[in-house]
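First up is the structure itself, then whatever we jot down about it.
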Amino acid sequence: MTSMVEAGPSGPKVEDKLFQNRYLVDPGRPHIKVRPHERPSKALLALTHTCPAGCYNLNDKGQIEVTVDGCIECGTCRIVTAKTGEIEWNYPRGGFGVLFKFG
Amino acid sequence: MIEERFDAIVVGAGPSGNAAAYTMAMAGLKVLQLERGEYPGSKNVQGAILYADALEHIIPDFRDDAPLERHVVEQRMWTMSDTSHVGMHYRSEDFNEERPNRYTIIRAQFDKWFSRKARDAGVVLLCETTVTELIRGTGGKIIGVRTDRDGGMAFADVVILGEGVNGLVGQRSGLRPEIAPENVALAVKEMHFLPREVIDSRFNLKGNEGVVIEAMGTITAGMTGTGFLYTNEESISIGIGCLVSDFAESGRTPYGLLEAFKNHPSIKPLLADSECKEYAAHLIPEGGYNAIPELFGDGWLIIGDAGQFVNAVHREGSNLAMTTGRIAGETVVWLKRRHDAMTKANLAEYKRRLDASFVMKDLKKYKRIPAFLHANKQVFGLYPRLLNAAAQTWFRVDGTDKLSKEKAILKSFRDGRSLSGLIGDAFKLARSWR
């Protein structure tokens, strides 16, 4: 897991939680893409805290980036940005992505 | 992909899809079921409670071999402040019955079992296969699906979409609209493992008895949402969920909220020394009756979460999923036996049967509740705080006379919400509840 967001200086680290999970990563085929943008909308920016897997980061150019390796495929980001259309969301290819042991 | 033509294609192998596929296969129909996960359940998340009644209508003897965790003998409803909770508990020996009413389950295991039953009944299941789009014939009727398995296609008289809350196929084919952020909750959940005797002693349980805790209050930090804790055989499912629109507005992280809930003094001792083995997240449809999309058309039906079939007030969903799946399956079987085509007019029978069932009756009864809870955040913040403060005033013995305590409690409510606010909230709630 790379560059996951922290909840704050003293908050829980989401990567510690994701560490427990099983994934089958599809290398080079991210199922979510952030469309090129100058400045993120409020909705896109909200993903940095709303994504339960902390997949979204603000880079030093002020743009939002996504790292999908820890994604648990809930679809929250798709729904939050449905109106602005700033992300492209597909399911991972059949068999790839998160594999819940318990669900 | 598969050359033969099917009577029905079911998209998804969750509770609704399995119920539909099983029902049709048992009646002798040729059914193809497509699941994008490695195995049924690998993409599915729930608390989870199994409602026996809904499953008994499909597999009456499910108790013989279904992977059940504990049967629920006690329901706790907690209204929480930052340091306390006011609880309403209902525990009954009557729930220790031959055919218990509710069970805790672990979905990845349960879905596998349910899917095995469907395959034993003759369903052809293809896992690791994502449906990418619906195929339309002349006149726009849905005649099949395209998948990501080498772009393979499959054809059938009817396609039943049990693709879940985050289903893309129905939306991208224009069958149902995108879900609004205020009509869906994001819930995060962890699985905490403990020896079964530790769970038994912490929750005062014996045998396979289990406890359910549903909690609301300041744990959701002013957002519309609830928390839960369910006892499994050797684990505890703990989670919290709030409306997606509230999360987006609030700046709160779902995992931060879950961590705070786990560290609440009323919860923390229940989880002490446990080992967390999974962190999951899932959306829950919360829009209720008014958010239900079109459910049928030429060659297609929608079941389960994809149809927003969740009773947010009673925290019921899997039973609605199974029931809508079963009724969809039964409708298709009925039409098939009559040699009727799977047209929109004929498939309208599905909606008529749903309307006559508890599914639509319950959702209709509570159709105003989602809007009420969305608009009245005091239900989740102010009132729980006032209630907990009142309980403390009432129970703390400190030399203050009881009449003064009563007055202080009433004053706290009037100051917190004003008399007209209190009456207005009571009126709005009563009207929404009807």
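To be explicit about the labels: the chains of the structure tokens are called A, B, and onward in the order shown, and within each one the residues are counted from 1, while ligands get numbers from 1 in the order they are shown.
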
Show me, as a PyMOL selection string, the residues of chain A whose atoms get within 10 Å of chain B, using only C-alpha atoms for the distance check.
chain A and resi 5-8+11-14+16-22+24+42-54+71-83+89-103

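Backbone DSSP over stretch 95-226 of chain B yields alpha helix (DSSP H) at B:Arg107, B:Ala108, B:Gln109, B:Phe110, B:Asp111, B:Lys112, B:Trp113, B:Phe114, B:Ser115, B:Arg116, B:Lys117, B:Ala118, B:Arg119, B:Asp120, B:Val169, B:Gly170, B:Gln171, B:Arg172, B:Arg196, B:Glu197, B:Val198, B:Ile199, B:Asp200, B:Ser201, B:Arg202.
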
DSSP strand (DSSP E) residues within stretch 38-93 of chain A, listed as a list in words
Tyr56, Asn57, Leu58, Ile64, Glu65, Val66, Ile87, Glu88 and Trp89 of chain A

With C-alpha atoms retained, write the just-selected residues as a tab-separated table (two decimals), in the first residue's frame.
chain	number	residue	atom	x	y	z
A	56	TYR	CA	-7.33	9.81	-2.77
A	57	ASN	CA	-4.54	12.31	-2.16
A	58	LEU	CA	-4.00	15.95	-2.95
A	64	ILE	CA	-6.32	14.94	-6.75
A	65	GLU	CA	-4.61	11.63	-7.39
A	66	VAL	CA	-5.92	8.13	-6.83
A	87	ILE	CA	-13.58	10.32	-12.10
A	88	GLU	CA	-13.97	7.29	-14.28
A	89	TRP	CA	-15.11	4.27	-12.32
